[in-house]
Structure formats: structure tokens, C-alpha cells
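See structure below.
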Amino acid sequence: MQISLLNGACTAKLQSFSPPFLSPSLLITVGAKKLFRACRERNRFVKRCSGRGRIRAMPFTSSTNSTEDNGALRKFKLNESTFLASLMPKKEIGADRFIEAHPEFDGRGAIIAIFDSGVDPAASGLQQTSDGKPKILDVLDCTGSGDIDTSTVVKADADGCIRGASGASLVVNSSWNNPSGEWHVGYKLVYELFTSTLTSRLKKERKEKWDEKNQEAIAEAVKQLDAFDRKHTKVEDAELKKAREDLQNRVDFLRKQADSYDDKGPVIDAVVWHDGELWRVALDTQSLEDDPECGKLANFTPLTNYKTERQFGVFSKLDACTFVTNVYDEGKILSIVTDSSPHGTHVAGIAAAFHPKEPLLNGVAPGAQLISCKIGDSRLGSMETGTGLTRALIAVVEHKCDLINMSYGEPTLLPDYGRFVDLVNEVVNKYRVIFVSSAGNSGPALSTVGAPGGTTSSMIGVGAYVSPAMAAGAHCLVEAPTEGLEYTWSSRGPTIDGDLGVCISAPGGAVAPVPTWTLQRRMLMNGTSMASPCACGGIALLVSAMKAEGIPVSPYSVRRALENTSIPVGSLPEDKLSTGQGLMQVDKLAPTLRGIYLREASYCHQSSEWTVQVEPRFHEDASNLEQLVPFEECIELHSSGKEVLRVPEYLLLTHNGRSFNVVVDPTNLSEGLHYFELYGIDCKAPWRGPLFRIPVTITKPKAVQNRPPLVSFSGMSFLPGHIERKYIEAPLGASWVEATMRTSGFDTARRFFIDTVQISPLQRPRKWESVATFSSPSAKSFAFLVEGGRTIELAIAQFWSSGIGSHETTIVDFEVRFYNSAGSCGLAMKKWEIAFHGIDINKEEVVLDGSEAPARIEAQALLSSEKLVPVAILNKIRVPYRPVDSQLSALSADRDKLPSGKQTLALTLTYKFKLEDGAEIKPQVPLLNNRIYDNKFESQFYMISDSNKRVYSTGDVYPSSTRLPKGEYKLQLFLRHDNVQYLEKMKQLVLFIERNLEEKEVMRLSFYSQPDGPVMGNGSFKSSLLVPGTKEAFYVGPPTKDKLPKNSPEGSVLLGAISYGKLSFGVQREGKNPEKNPVSYRISYLVPPNKLDEDKGKGSAINGTKSVSERLEEESSALSHWNYSILDVSGFLLIKTITNSKVRETKIKVFASLKQSTDEERSEWKKLSVSLKSEYPKYTPLLAKILESLLSQNGVKDKIHHYEEIIGASDEVIDSIDRDELARYYSLKSDPEDEGAEKRKKKMEATRDQLAEALYQKGLALVEIGSLKEGEKASSVVAAATGDEEVVEKTDHLFEENFKELKKWVDVKSSKYGTLLVIREQRSGRLGSALKAVNEMIQDEGEPPKKKLYKLKLSLLEEIGWGHLVSYEKQWMHDFVMLKEPKEVGNSVREFKLP
């Protein structure tokens, strides 16, 4: 069956494929050494085209009047239709002509998976296809950032109410069918689901409404204060003063709220249940609404998994944010899916939007259907994660997608490598999915293509192209460029292993649909992110035709068809490194290879022989007898440059593959960039075009012969979008470059991209970049790092839209110490100085081993004389941690079962660390960090939370710095793989917590000319002049031990930087931060063991299995060894004997170690406490220990009796202290010369603290009893103190007296004792003063505030009646301390409650 696809002079036909053949796999080696491997395919499309001569990117010249010009009119004029068409470019790739000729092949039958930040199903043009089918088949959050734990199950009461996970009481709709009666509940802070842009808008709008309510409350508070002042003209009475102070505190508190307002966002409750057929979801969003009747759970229209009913919801009219739901793991996990940026919706719109009333704004394939796979994690600012990528591939296979578009990526260490690449290859090869991805936006330098799109063999990498129509319409330029060109920032190939990198190009900008929460229908975005879906949509048109005609789809055959029908952009062969095979042409479609990349000078001065291995690759279901055995093809080999690239004439290719030799001779090539191809043609069907291509890229660098090493280029002319590339062999010994750029003689501002790239083995390309704008004649200087002996690409590009209206050519000169102007009026002269510098060091990383010995360093200048000015600092510390817990588990098959059938496993590692002071920290896992696509593990996600379970930070491949307050923290690291053995090896994975040192802690290291310098303090080394041919040796000393930062335990590593050179221009930085020098190296110091503590380890361990009497006897026996003889200085024999005090302290030590978990243990404790009190009456340390033990008791049933015991124990401590003596001590000034003064001071301070603690605990216990026995009579201690009067009245009196006593000894406003002050003010009705006190406690710097303080504050706000602050505070509690009770982390059972 055949169908004609093209009109006009060119025609093409689709034929049925012979065997389901994928591609040759090209293995290129030099000699016997394997260099790289690539999968490439064979073209199975038939192409017929009449000869037309050479086709340019803009295929018609300025004299051409045809309208079929892909937008390349030299004098381009817009009208309304061409303007609208330019907003969604399709003409450039021939998609409009294809659909016009074949309207039924507009993407129908093709399913595209969008790997991106999420797609809004409510966005314009994304509801249905051109033939009336649902546009979006499924919406998935593959990252898990919208997951809610709904494993908690509750039952409704008689009134149909359930308790939500947030603590709110929720009414369920009686019409909802729930046969089991089980309701799964969870909750989410809604800002966690929103983008930062949407969150900012909501915060602003909510703040305005909150301000209105707060101003009303302030007005009312001021009114009450004024009324009080009018009523009491003179305030002399103490109680009146307190009353007025309370009113003033209310006013002050409200005013301060506006400054401290921090909207953490509303909380939504989620309810999940099974209606007998499907899992259903309802949300309570009242906290988002102003009207209390809106957003109720019972009014929510239940949703289910999106793919089942394709329904979505909107949180509120204020946010206008669309969401969908998916339920996993039998109702235990609810996924609320929102987008993490407008990017994904925009991409989806380019690929497949359908606007029945605005066809010019349709996407490229309006008939195609979509699957939205969100890989951008909302918790990480929309960065992709390994988990998201893997789950997305699983979804592709599950939904039988035809194409994938992924407009994501980043630089990579190893091309065509990693866990994700392995899975992609399986999906492409086994399931025949066509994977299209963006090449990156890191141009214009070469070898800047990103992973995975530009570096993965099984993907089609797309560069970004801009046409005159796009420039005039979408970009609104006054004057468009005369011809289409690649965007300046579009990444270029080749990859570091020789692949072309960019496969094809497509329009890289569009005005496309965006999510509803942006409050607009469309917006302009540009980037290779936009070029990729444009190409993907174009391919979907082809897939639509092939599927309709029953033609099998092969990803590699489609790719070959794309490459063979694209039209070149640019006139030079090497332009393919920028644009790939050119601008894709859908209407010419009829249904390459890691390559050879000679970049270094050593390859360019001699011939080299390469072995190319071509291996056909078949789909996994190919038949051995019917397809593999009979496969045999005669291939004619061709070279695009026979003088440089020599190849055999023919090759017989069989199923097992065949190798052949290639000779590359670049010796006669000129300096600069050269590009060639060798390709194979089917001898029997040459009209098919090349079956495979091998790109050969040669960069022949300019050698720097002169000394000092300086480089000069001149006479380069620039137009908008023009790029000049110069290749320089960095001299051996060079480590940095200094360049100066001077401009003169131009009429309008010019903007330039200046990039340099070097490639080293097993490293990401070393890139330096700068953007320079010259509005008037001026000079700019740059300095950047280089590696000696390797080729530098210097790419200078005039930005594609810079200077378009000027009609003047910009001239750029690189000159050495010669700055005369040239050129006529309107020409811009750019003059550059480029000088190479270098100091060769014998060690790139300096490690100080923790001893007193310095590290010896040798330095020499190889190029020219250099000033040696070493500078070194240590400004970070890394503390290593091992996991305290590791949990290995199998993940749910709902989302985490691989296409191969393997189950993904998860390893959760838990680390604990403590910060003694607030600090900025960053977790580091050296094995895993900084690699996404070239990493064999799917995930390395981490979360940091405090003891209140507040999540402070999340991260993944690229850890971020987070400021944490003082306190204890838990870090959970999540790793995923399907191989249990790999995960087992990671169970003791070392993690570092890296902390930036405060400025006062930063250590500046000293340099010496002698090895004993650090100890002797002499031989200081400051600077020296290095002369080529001589070496200079010096020493860098370790930091002095007394300068080490606190909290730097043994085994930790101090990190910093060391530099050696001095810039010849600009601000000199010696003596300052070496990290600002263009060349700096890492220096580290291993923290040694602390000095031995003589007292450490003394005393014996207590064996908990022995009885109290046995342990006392054991301790006494140990004390007997204290009888020993010594000689004093006079020679007399002294006998030291056991003292009573030592025995007493030993007994108290045993007593303090007793547990009270069981009745038997409590009985032992009680018996010993009574015995010790009788033996040592009025001994305050003992009585304080008894009180401390009482406070630590758990599981107390009779709470009133327990609090009475606390009051009694507190009184015993208070009565044992001579408060008069204590008062006299603090009223007198101690003599600083008295040797015993310090000892007495410590004793008195300890006594005062014991007294204050007893008074404080007594006060709390009195409040607890008053709360529990309000209206009743107490027994025991309280009854004895109050007689027959009511408990509340008498406890109030006791509380007041106790508080007054406490106030004598400590500051009751401090965070340690402030709770009693808050209670006192509240009990007196002075709620404003109570609020002020609790606020000061919360804001007090130190450890994170406890949850009870927030509860205290909330109850006070509720009592005053400030509803807007109550709502705000509840939301804050959700985020900061959460409403769910944390697990017990201490021994205390007492949670303070307000009476």
C-alpha cells in the first residue's frame, strides 16, 4: 500500500518495511582500543525527489516570489494571518503543507508522552483532538512531590463527621457510596503543590486581605486603649498599670504582626475512599476560601484517577490552579498532580494544541493525544529526578506511547551512559518509541550539547532555529533578519566522543498555551525546549500516516528519514555541528553514530587509522530464520572529503556486522574547524539516501610559539547571529588566560557571547562564558581557567537580534599590544589581547594530614616569568556520618514496576546530626552527587527535618545549602534500583554534612620557606618571582589547634582553596579569597584526635541487671581502691581515705541511674529515695535528683497524685536551701583575688539553679492540678495547704506566691521560665501581656521552639478573638511543627495544658 505525501516538484512515497530492522551499531576504535559505541539505524523509507540543486536553510533567495519559503523572505512583511502563524511556527518545517495535503494525518492515532514540568488539562487547546477525542489521556506526577500519605483510616460518627488528618472536623456527603465505611485521610500544605510564581501571587493577594482584617483589629485595640485612658486620667495603682500595659501590648502585638507576617499557606484535607468500583477523592479547601461556606468537603465533586474519567478540579477561584488526582497502593497514597512551571503546558501546546476557532495557533500535530509525565519535582524548583524519569518511562510503556518529548537536560560527564540511558534504550529498541529531546541552551561554543538529548544515541537531539517570520512576529523585532539562523544560545555538537550531538533543528520559539493559574492563555517562550516539541509534533504527523497505512514504525528509520530530508542551515559543512542535518521538513519526509572527533593538536599533525564496526540491530521480536539469517546488504561507502577521509569502496553487511578501516589525514588542513562525513549507500537502492553516517570533526588549533605566549587574531566581520570560532593549543604549563577586549567606532550597542571550551578525558567539558554589551567604546578584561596542552575553542558570537536595525558590520580584532583604530564611520573595531599564564604545581590538591607537619609544594613557571603569591584559606568543614538506620523495601507496583517486569527497590538511609549553633549546611554524597543522566542509581533524594518533624530542606543530585538553627536533625536519603545487591552495598554509605564557617572562623594559612616554620615560627614565605627553568619550593602550614572551629570532631575535614598566581590586571586579590582567582586548587585538613582528657573514662559502668544493693556494694568496693599512699613535696607520707561525701555522691549516682518503667522498678526507686533522704536530709543535690526523677516518669495513671508528689519534692528542694545566705551572696561583690571565690561562685550558681527549677516545676504542677481538679477538692499536699476551700482559688494563691519567689531569682521572661509568666498573665486576664511574653519566647534564638509554645499562643489568640491571626497561626503550625503529635523523643510524659 502506498500513499503520496508531497506535492509540488518533490514527491515521496511510504512503503511497507522489510524486516523490522532498527539500525547498525557503530563501534569506532583506534587500533585495538575501543573508543566508543553507538546505536544507529538504517533508513527504510523510500525517497524520490526531482533535482533542484543545493537547498539552503532559507531555500529561496531574496528574488524568489514563492510563498513556500519557510518564512525566509528577505523583505519580510506581516499581515494578520502571517503574524498569527508566526506565533506558532509550522511553515518553517513544512507541517502546514503536510496537513493541507493530508488533513487526516494530522497526528491522529499518535500518542506523545510529555516528559516535563506537568501539563494543565484546562489550558487552552488541550481539551480535545481535531477528531473529537480527549486530548490528554493521563496526567501523572512521576516525582512524588504531590504525594499525600493517606494510610490513616477513620470512621464517621453518627453525624457523618470524620476527623481529618489536619485535626479539623469534616462532614462527609451522605450521598457518597462507601461500602466499607473506611475513610483514608491525609493533608497537604497547598503551597507545596504550587509554583513559586503562583505562590508569590497568592501571598500578595492574601496579605492584602489579611492586612485589612489586621487593621480592623488594631483600630479596635486602639479604641479600647483610648477608652481606658479617658476613664483613668491618672494611673498610679499597680493593677491599673498592668491593665494599661496589657492594652498597649495588644496594640503593639498587632502592629508587629504585619512585619513578621509569613504566609506558609493554607492546609487542605484530603479524603480517599472506595465506592465499590473505584477509589474516590475529595478535598476540603475551606482554608483557601474567604467564604466559610465554600470549599467544604461535602460540596466537593469527587474525583478518581485521571485516566479513568479524565476529570480535574480547581483549588479555588483565587489561585485558578488546575489539579488532577491519582490513588495508589490501595488508597494509602494520594497523588495530587499540579504543574511545577508553565514550561510543560507550553511544550505540550507546541506539539499538539488544537484550537478549532483559531487554526493558525494550532500545535504542529493537533490530532495527536498526550500523556503528561511530570518529571520536574516541585520540591526542587522543577528539577528532574531519577525517580521521575524512571516512572515516566514506565508510564510510556503502560500507555503504549509512540513518541516522547523531553525538553529537559544538563551537562554530563559520560555521554550515552547511565541508568536512565539504559532504560531509554530498552524502551526505544523493544517498544519502538521515538524519543525526541532538546539539545540544550549552552551555545554558541562547540561540544556544549546537554544530556540526554544531545548525548544519547537512541534519542533525536533538536537544536533551536529562528526564522524571519518568528523574529518579526513572535519576537516583535522592528527589523527581522534577512535569513533564518540558529539561535545564538542553541547548544552545539559534537559530543566529547565524536557524535554530531544535534540531530536536526526546528523553530525554537512559540507563543503557546500556558496553565490557567498564569491568568493568561498563551505566552512567548524560546529555547531548544520549544524546538524539541515542534520536531516531535512534526514526527507525530509522519507516525500518524504510517499507522493509518499499517506501516511498522521504527525509531531509527524515522530518524534517518528526518536527517536525509532536512535542509541545511548555513553554507559550510561544519555548520552541521550547530544545526545537525538542518531544518527538518515534514512535507519531504519519506520514510547517525558516534563519530570521529580529532580535537587535540597531536592528532592533527599525523594520519590516524580508525576501525569502524557496523552492526545491524533488530527489534527484540525479530525472527532468527526469517529476518536475521537472510539479512545481507551491499553497502557503497562514500567520503565527503577524499583528501582527508579515505574509506574502502564497498562493504558487505550481514547480521553479525562488519568492520572496515578509515584513514584520517588532517596534516594539510588549515587551522580551524573542519567537518566531514563518511556514509553508506545501499547499492541496490541508492535512492534511499545514506543508511548511516559517521561524522568526522577536526579542530586544528593554532600553536602558540612566541614567548611570552600571546595570541592575535584580526579582521573578523560580524553580523547578527554570526559566530567566529578560533582554536588555540594552550601551551604546556598554562593554567589561566587573561584577555582584554577593546571596542571603538560603532554606531549602536552590540551584544556578544564569549565562550571558551576545553575537553579533558572523563570530565565534563570545561566551559567559561561571558556576555559583553558595548554601548560605547570601552575595554573589558577577562580571566579564566585553562588546562595546558589542550585545545581551547574561543567562540565569539554577536547575539542573533543584536544590531539588526543598524545595517553596519561589526569588526572584531584580536591583537597583541597594538590598539590603533581602523575602519570607516559606523564600523566597530574590537581589539583583543590574549595572554597565557601558568604556574606548574607538583600537587593539584593539598592535603594536610592533621599533624604539625606542613605540606611541601614545588612551583615553576614554564611559559614566562610569573609572580608567585600563594594564598590559602579553610572556610568549610565536612563532618562524616554513617546511617543510624537503613530500611530496604519493595516499592508499589502501581508506579515502580519497570517495563522489563523487575520491581524497583528503595533503600532509606537515616542519618542524625546536631548543630550546636545555627549554621548554613549542605549534605554531600561524593559517590552520587552532580550526576543525573550518567548515574546508575535512579534516585538520591533527601529530606532534612528537625525534632518537631518540620522539613527544612529537600534535595537531590545537586545538594543545596540551607540555613538551620541550633538543634538536632534527621536526614533521610532515598536510593532506588532494581538490583538488591547494589543497594545492600550502600547500607553504610558515608554522608558528609558540609558547613560554611562563619567569617570569624575562617582560617588563613601561613607559608614558610623551612619545614620547621610552623613550629618555630620563622622562615615566613610571602612571594617570589618564578623564572622559567627554575623551581621554587615552599611549605604551607597547618592551622593552629587553638584556631580550629568548635564542633570539629575527629575525622572531619576542613576544606578551602589555595591559589598561587597573581593577575596582571584589575583588583589584586592576594591576601584575600583564593577562590576568586581564575585558578585555585582544593586544600584540605584532616582534623586529628582531640587531646586526651585525663578524667575521661574514670568510674565504672553500672550493670542494670544487678539489684540496687548489689550495685551500691559494687560502687563502694570500687571506692576502696582510693586508699593509696603518696609523698608530698616535703617527703611526708599522706594517706587519702574514702570520705563520706564521696560515698554520698556514689549513692546518688546509683539512684539517678535507676529506671522506673515497671512497678517493681518504681518501688525500688521509692525505697532508695526514702532511705537516702533519711540518711542525707536537707541535702539539696539529692533532693534535686529526686525531683528530676519524678519529672521523668512515664505512663502515670493518677496524674493528680503525681503532680502532688512533684509539688512535695519541689518544696523539699526549696526548704533545703538557705535563701537568706543565697541572697546575701548575690547582694555582695566577690573579691576577684580570692582563690576560693570561683569555687564558691559555681556552688552558689548551682544552688540558685536548683531553687529556680524547683519553683518552676512547682508552679507548673499547681496549674496542672487546677486544670484537672477544677471545682473539686484536692487531697494530700494541696488539701493540707488549702483547708476546705475550693482548689482553684487556693491554687491561684499558691501559684502567685510561688511565682513571686521565682521572680526574685531568675528572669521570668527568659525562654526557660517564661511559660509561668504567660500563665500568670493569662490567669489575670492580661492576654496582651501574655501574648507578648510567649512571642518573645518563640523568637528567642537557640533551639527550635517547642510545639507547646505555639499551642499556647494559639489559645491566647482564640481567647482574645482575633480570628485572622488564629487562622494564620494554625497554618503556621502545620508547616512548622505540624498538628500530628511527634513521637516521644524524651522521657517526660507531661505536655503543658492551659487551665
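So you can find residues: chains in the C-alpha cells are A, B, ... in the order shown, residues in each start at 1, and ligands are numbered from 1 in order.
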
DSSP on the backbone: what in segment 729-908 of chain A comes out alpha helix (DSSP H), as a PyMOL selection string?
-> chain A and resi 893-896

List every residue of segment 261-436 of chain A that DSSP, applied to the backbone, labels as strand (DSSP E), and write the result as a PyMOL selection string.
-> chain A and resi 267-274+279-284+313-314+322-328+333-337+369-374+376-377+383-384+403-406+434-436

At what distance in Å, to one decimal, does atom CA of Arg1004 of chain A lie from atom CA of Asp849 of chain A?
->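 If I compute the distance from atom CA of Asp849 of chain A to atom CA of Arg1004 of chain A, I get 16.9 Å.
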